[in-house]
Amino acid sequence: MKLNTNFADIAESYLFSDIAHKVNAYTAAHPEKKVLRLGIGDVTLPLAPAVISALHAAVDEMSRKETFRGYGPEQGYDFLRDSINGYYKSRGVELDSDEIFISDGAKSDLGNILDLFSADNTVLVPDPVYPVYVDTNTMAGRKIIYMNATAENSFLPMPDYSVDADVIYLCSPNNPTGAAYSVSQLQEWVDYANAKGAVILYDAAYECFITDDSLARSIYQTKGAKTCAIEFCSFSKTAGFTGTRCGYTVVPKAIAAQGMNVNKMWLRRQTTKFNGVPYIVQRAAAAVFTEEGQRQIKANIAVYQQNARIIADCMDELGIWYTGGKNSPYIWLRCPKGMTSWKFFDYLLENAGVVGTPGAGFGKNGEGFFRLTAFGSREVTEEAVARIKKLLSE
Ligand code: MLT
């Protein structure tokens, strides 16, 4: 056999696995210490009551011969695709339901979509960014070029026509920096992609955290996006589905190249390699779009937004530079005392028992930065902030 030796070009373990190992080793060595986790962006509030009722009802359906379901449509049940379509429509975006594909989450689809693109595409990725984009393309041996996201450009790199890219990743609100593109900035990206014949892979996993109306919640709020952009979204952060697993990907029918249609290719790929998301989970996801579902998930999001304010206030008090936290659940801060990202990670873990995510794990421009998540519980967030204040004002 011949192995895919591209795997030799990625770090031995995935960023968040690496952090989990370090934290587990620390807790094993210090069982008496209470460690507060504000590292991986994992939700802590339970599923909304409307979602739970839908889950129970769907489980009951599975228990009766007349309503039992076996294999479902690989691309998702119409009831959920139509609900998502309604959600887009309510924000002025017109889609066809067969442009919406249900999946077990944005991370899987962001990796799987690469089946559609040949290995000799050049990929343009912001730095820093969610490590999945770089790792999945490195596994496939694609050439990656980086665009700098720094404090100077407010962590929002804009297109450079002297750069030729085929596949472009944008994540807005950004993981990890929390920076979010306005509709007019995204329009520039869409114009660039259409001019270059490139595709934009747009990760909108954090769109529900946008509070500022001038910022885009979907790339389809721009003109011309349907010929160049695929949008990925997830119920993980919107409705607490990190453990329940459900997401969706919008693949417009107007994206085509070399006589092939990308929507048809994705349908072919999914029907071949995927058997769909469980019926009961899709029913749970559909409940998110009911009136009470929307009210309940918004109440949960408001709790995380308040956590973000608590962390941001702490940074203000300590005089630590940070961004994010306003239209995003992440606070992106400059490591104090000139520490590197991993040095600060160790310092915070060892002296305050608080876990965060080292910025360097998101790319070279993340060095010297650190990410804290607002998805912790209120108690953990408040205690972590109190410990950070105590440590850094010593
Ligand atoms: C993160 O912490 O960056 C996210 O939780 C990772 C993910 O969504 O896969």
# chains A, B, ... in the order shown; residues from 1 in each chain; ligands from 1

call {"tool": "residues_around", "arguments": {"residues": "Ala11 of chain A", "least_positions_apart": "6", "cutoff": "12 Å", "atoms": "only C-alpha atoms", "output": "ChimeraX atom specification"}}
result
/A:17-18,131-132,134-136,138-139,361

call {"tool": "write_last_selection", "arguments": {"atoms": "N, CA and C atoms", "output": "PDB file, in the first residue's frame"}}
result
ATOM      1  N   SER A  17      -7.504  18.667  20.299  1.00  0.00           N
ATOM      2  CA  SER A  17      -7.122  17.394  20.937  1.00  0.00           C
ATOM      3  C   SER A  17      -5.850  17.627  21.744  1.00  0.00           C
ATOM      4  N   ASP A  18      -4.961  18.396  21.167  1.00  0.00           N
ATOM      5  CA  ASP A  18      -3.700  18.732  21.815  1.00  0.00           C
ATOM      6  C   ASP A  18      -3.949  19.423  23.167  1.00  0.00           C
ATOM      7  N   PRO A 131      -8.571  25.921  12.377  1.00  0.00           N
ATOM      8  CA  PRO A 131      -7.526  25.078  11.780  1.00  0.00           C
ATOM      9  C   PRO A 131      -8.008  24.024  10.782  1.00  0.00           C
ATOM     10  N   VAL A 132      -9.294  23.747  10.761  1.00  0.00           N
ATOM     11  CA  VAL A 132      -9.827  22.712   9.871  1.00  0.00           C
ATOM     12  C   VAL A 132      -9.561  23.034   8.389  1.00  0.00           C
ATOM     13  N   VAL A 134      -7.053  24.614   6.932  1.00  0.00           N
ATOM     14  CA  VAL A 134      -5.661  24.346   6.551  1.00  0.00           C
ATOM     15  C   VAL A 134      -5.377  22.843   6.620  1.00  0.00           C
ATOM     16  N   ASP A 135      -5.795  22.215   7.709  1.00  0.00           N
ATOM     17  CA  ASP A 135      -5.490  20.786   7.884  1.00  0.00           C
ATOM     18  C   ASP A 135      -6.113  19.934   6.778  1.00  0.00           C
ATOM     19  N   THR A 136      -7.371  20.207   6.437  1.00  0.00           N
ATOM     20  CA  THR A 136      -8.034  19.359   5.430  1.00  0.00           C
ATOM     21  C   THR A 136      -7.397  19.539   4.048  1.00  0.00           C
ATOM     22  N   THR A 138      -4.242  20.476   3.543  1.00  0.00           N
ATOM     23  CA  THR A 138      -2.901  19.901   3.618  1.00  0.00           C
ATOM     24  C   THR A 138      -2.989  18.384   3.440  1.00  0.00           C
ATOM     25  N   MET A 139      -4.002  17.772   4.054  1.00  0.00           N
ATOM     26  CA  MET A 139      -4.191  16.315   3.892  1.00  0.00           C
ATOM     27  C   MET A 139      -4.339  15.939   2.422  1.00  0.00           C
ATOM     28  N   GLY A 361      -2.164  28.506  17.706  1.00  0.00           N
ATOM     29  CA  GLY A 361      -2.785  27.298  17.160  1.00  0.00           C
ATOM     30  C   GLY A 361      -3.652  27.587  15.941  1.00  0.00           C
TER      31      GLY A 361
END

call {"tool": "select_by_dssp", "arguments": {"residues": "segment 84-306 of chain A", "states": "helix (DSSP H, G or I)", "output": "ChimeraX atom specification"}}
result
/A:84-90,97-99,106-116,131-139,151-153,183-196,207-209,219-221,225-227,235-239,262-273,279-287,291-306

call {"tool": "write_last_selection", "arguments": {"atoms": "C-alpha atoms", "output": "compact mmCIF listing (two decimals), in the first residue's frame"}}
result
# COMPACT_ATOMS: atom_id res chain seq x y z
CA ILE A 84 -34.03 26.59 6.92
CA ASN A 85 -35.19 28.10 3.65
CA GLY A 86 -37.83 30.05 5.60
CA TYR A 87 -35.13 31.31 7.96
CA TYR A 88 -33.11 32.65 5.00
CA LYS A 89 -36.24 34.16 3.46
CA SER A 90 -36.98 36.01 6.69
CA SER A 97 -34.82 24.10 -0.71
CA ASP A 98 -32.82 21.71 -2.91
CA GLU A 99 -29.86 24.06 -2.53
CA ALA A 106 -20.19 22.38 9.54
CA LYS A 107 -16.82 20.82 10.37
CA SER A 108 -17.57 17.61 8.45
CA ASP A 109 -18.94 19.44 5.43
CA LEU A 110 -16.05 21.90 5.35
CA GLY A 111 -13.74 18.93 5.01
CA ASN A 112 -15.98 16.80 2.77
CA ILE A 113 -16.70 19.55 0.24
CA LEU A 114 -13.07 19.27 -0.88
CA ASP A 115 -14.01 16.04 -2.70
CA LEU A 116 -15.48 18.36 -5.34
CA PRO A 131 -7.53 25.08 11.78
CA VAL A 132 -9.83 22.71 9.87
CA TYR A 133 -9.44 24.66 6.60
CA VAL A 134 -5.66 24.35 6.55
CA ASP A 135 -5.49 20.79 7.88
CA THR A 136 -8.03 19.36 5.43
CA ASN A 137 -6.34 20.96 2.43
CA THR A 138 -2.90 19.90 3.62
CA MET A 139 -4.19 16.32 3.89
CA ALA A 151 -4.88 44.30 14.08
CA GLU A 152 -3.86 46.67 11.21
CA ASN A 153 -6.67 45.40 8.95
CA VAL A 183 -22.22 43.26 3.63
CA SER A 184 -20.24 45.74 1.51
CA GLN A 185 -16.90 44.14 2.42
CA LEU A 186 -18.28 40.72 1.52
CA GLN A 187 -19.51 42.18 -1.76
CA GLU A 188 -15.86 42.92 -2.61
CA TRP A 189 -14.98 39.28 -1.95
CA VAL A 190 -17.85 38.03 -4.10
CA ASP A 191 -16.83 40.36 -6.96
CA TYR A 192 -13.25 39.10 -6.67
CA ALA A 193 -14.30 35.43 -6.67
CA ASN A 194 -16.56 35.90 -9.69
CA ALA A 195 -13.80 37.77 -11.54
CA LYS A 196 -11.29 34.99 -10.81
CA GLU A 207 -23.91 34.24 12.42
CA CYS A 208 -26.41 34.17 15.30
CA PHE A 209 -24.00 36.25 17.39
CA ILE A 219 -22.94 35.72 2.08
CA TYR A 220 -26.11 35.59 -0.02
CA GLN A 221 -26.93 39.10 1.20
CA ALA A 225 -22.85 35.20 -4.43
CA LYS A 226 -24.97 32.44 -5.91
CA THR A 227 -22.47 31.92 -8.72
CA PHE A 235 -26.92 24.32 14.92
CA SER A 236 -23.98 23.81 17.29
CA LYS A 237 -23.49 27.38 18.40
CA THR A 238 -26.95 28.64 17.41
CA ALA A 239 -28.95 26.08 19.35
CA VAL A 262 -21.46 21.89 -8.17
CA ASN A 263 -24.90 21.37 -6.59
CA LYS A 264 -25.36 18.14 -8.57
CA MET A 265 -21.84 17.01 -7.69
CA TRP A 266 -22.47 17.59 -3.98
CA LEU A 267 -25.76 15.67 -4.15
CA ARG A 268 -23.91 12.83 -5.88
CA ARG A 269 -21.16 12.92 -3.28
CA GLN A 270 -23.56 12.95 -0.34
CA THR A 271 -25.84 10.21 -1.69
CA THR A 272 -22.75 8.05 -2.22
CA LYS A 273 -20.80 8.66 0.98
CA TYR A 279 -34.64 11.64 11.76
CA ILE A 280 -35.00 12.50 15.44
CA VAL A 281 -32.14 15.02 15.25
CA GLN A 282 -33.63 16.65 12.16
CA ARG A 283 -36.97 17.00 13.97
CA ALA A 284 -35.10 18.59 16.88
CA ALA A 285 -33.36 21.00 14.49
CA ALA A 286 -36.63 21.95 12.82
CA ALA A 287 -38.02 22.94 16.24
CA GLU A 291 -41.67 30.74 17.28
CA GLU A 292 -40.98 29.35 20.73
CA GLY A 293 -37.76 27.65 19.52
CA GLN A 294 -36.48 31.01 18.27
CA ARG A 295 -37.41 32.73 21.50
CA GLN A 296 -35.70 30.07 23.59
CA ILE A 297 -32.47 29.86 21.60
CA LYS A 298 -32.21 33.66 21.62
CA ALA A 299 -32.46 33.59 25.41
CA ASN A 300 -29.56 31.11 25.52
CA ILE A 301 -27.47 33.16 23.09
CA ALA A 302 -28.10 36.21 25.30
CA VAL A 303 -26.52 34.34 28.23
CA TYR A 304 -23.37 33.70 26.18
CA GLN A 305 -23.34 37.33 24.99
CA GLN A 306 -23.44 38.44 28.61

call {"tool": "residues_near_ligand", "arguments": {"ligand": "ligand 1", "cutoff": "7 Å", "atoms": "only C-alpha atoms and all ligand atoms", "output": "VMD selection string"}}
result
chain A and resid 39 to 42 107 130 175 to 176

call {"tool": "closest_residue", "arguments": {"among": "A:Ile210, A:Ser83, A:Arg142, A:Arg371", "to": "Phe7 of chain A", "atoms": "only C-alpha atoms"}}
result
A:Arg142

call {"tool": "closest_residue", "arguments": {"among": "A:Leu348, A:Met339, A:Ala257, A:Leu38", "to": "Phe16 of chain A", "atoms": "only C-alpha atoms"}}
result
A:Leu38

call {"tool": "residues_around", "arguments": {"residues": "Ile19 of chain A", "least_positions_apart": "3", "cutoff": "12 Å", "atoms": "only C-alpha atoms", "output": "list in words"}}
result
Ser13, Tyr14, Leu15, Phe16, Lys22, Val23, Asn24, Ala25, Tyr26, Arg37, Leu38, Gly39, Ile40, Trp342, Phe345, Asp346, Leu349, Val355, Gly356, Thr357, Pro358 and Gly361 of chain A

call {"tool": "closest_residue", "arguments": {"among": "A:Ala216, A:Val93, A:Ala180, A:Cys228", "to": "Val167 of chain A", "atoms": "only C-alpha atoms"}}
result
A:Cys228

call {"tool": "atom_distance", "arguments": {"atom1": "atom CA of Ala179 of chain A", "atom2": "atom CA of Thr323 of chain A"}}
result
7.6 Å

call {"tool": "residues_around", "arguments": {"residues": "Phe362 of chain A", "least_positions_apart": "3", "cutoff": "6 Å", "atoms": "only C-alpha atoms", "output": "number ranges by chain"}}
result
A: 128-129, 131, 359, 366

call {"tool": "atom_distance", "arguments": {"atom1": "atom CA of Ser162 of chain A", "atom2": "atom CA of Asn148 of chain A"}}
result
14.8 Å

call {"tool": "closest_residue", "arguments": {"among": "A:Thr244, A:Thr249, A:Ser182, A:Ser234", "to": "Thr222 of chain A", "atoms": "only C-alpha atoms"}}
result
A:Ser182
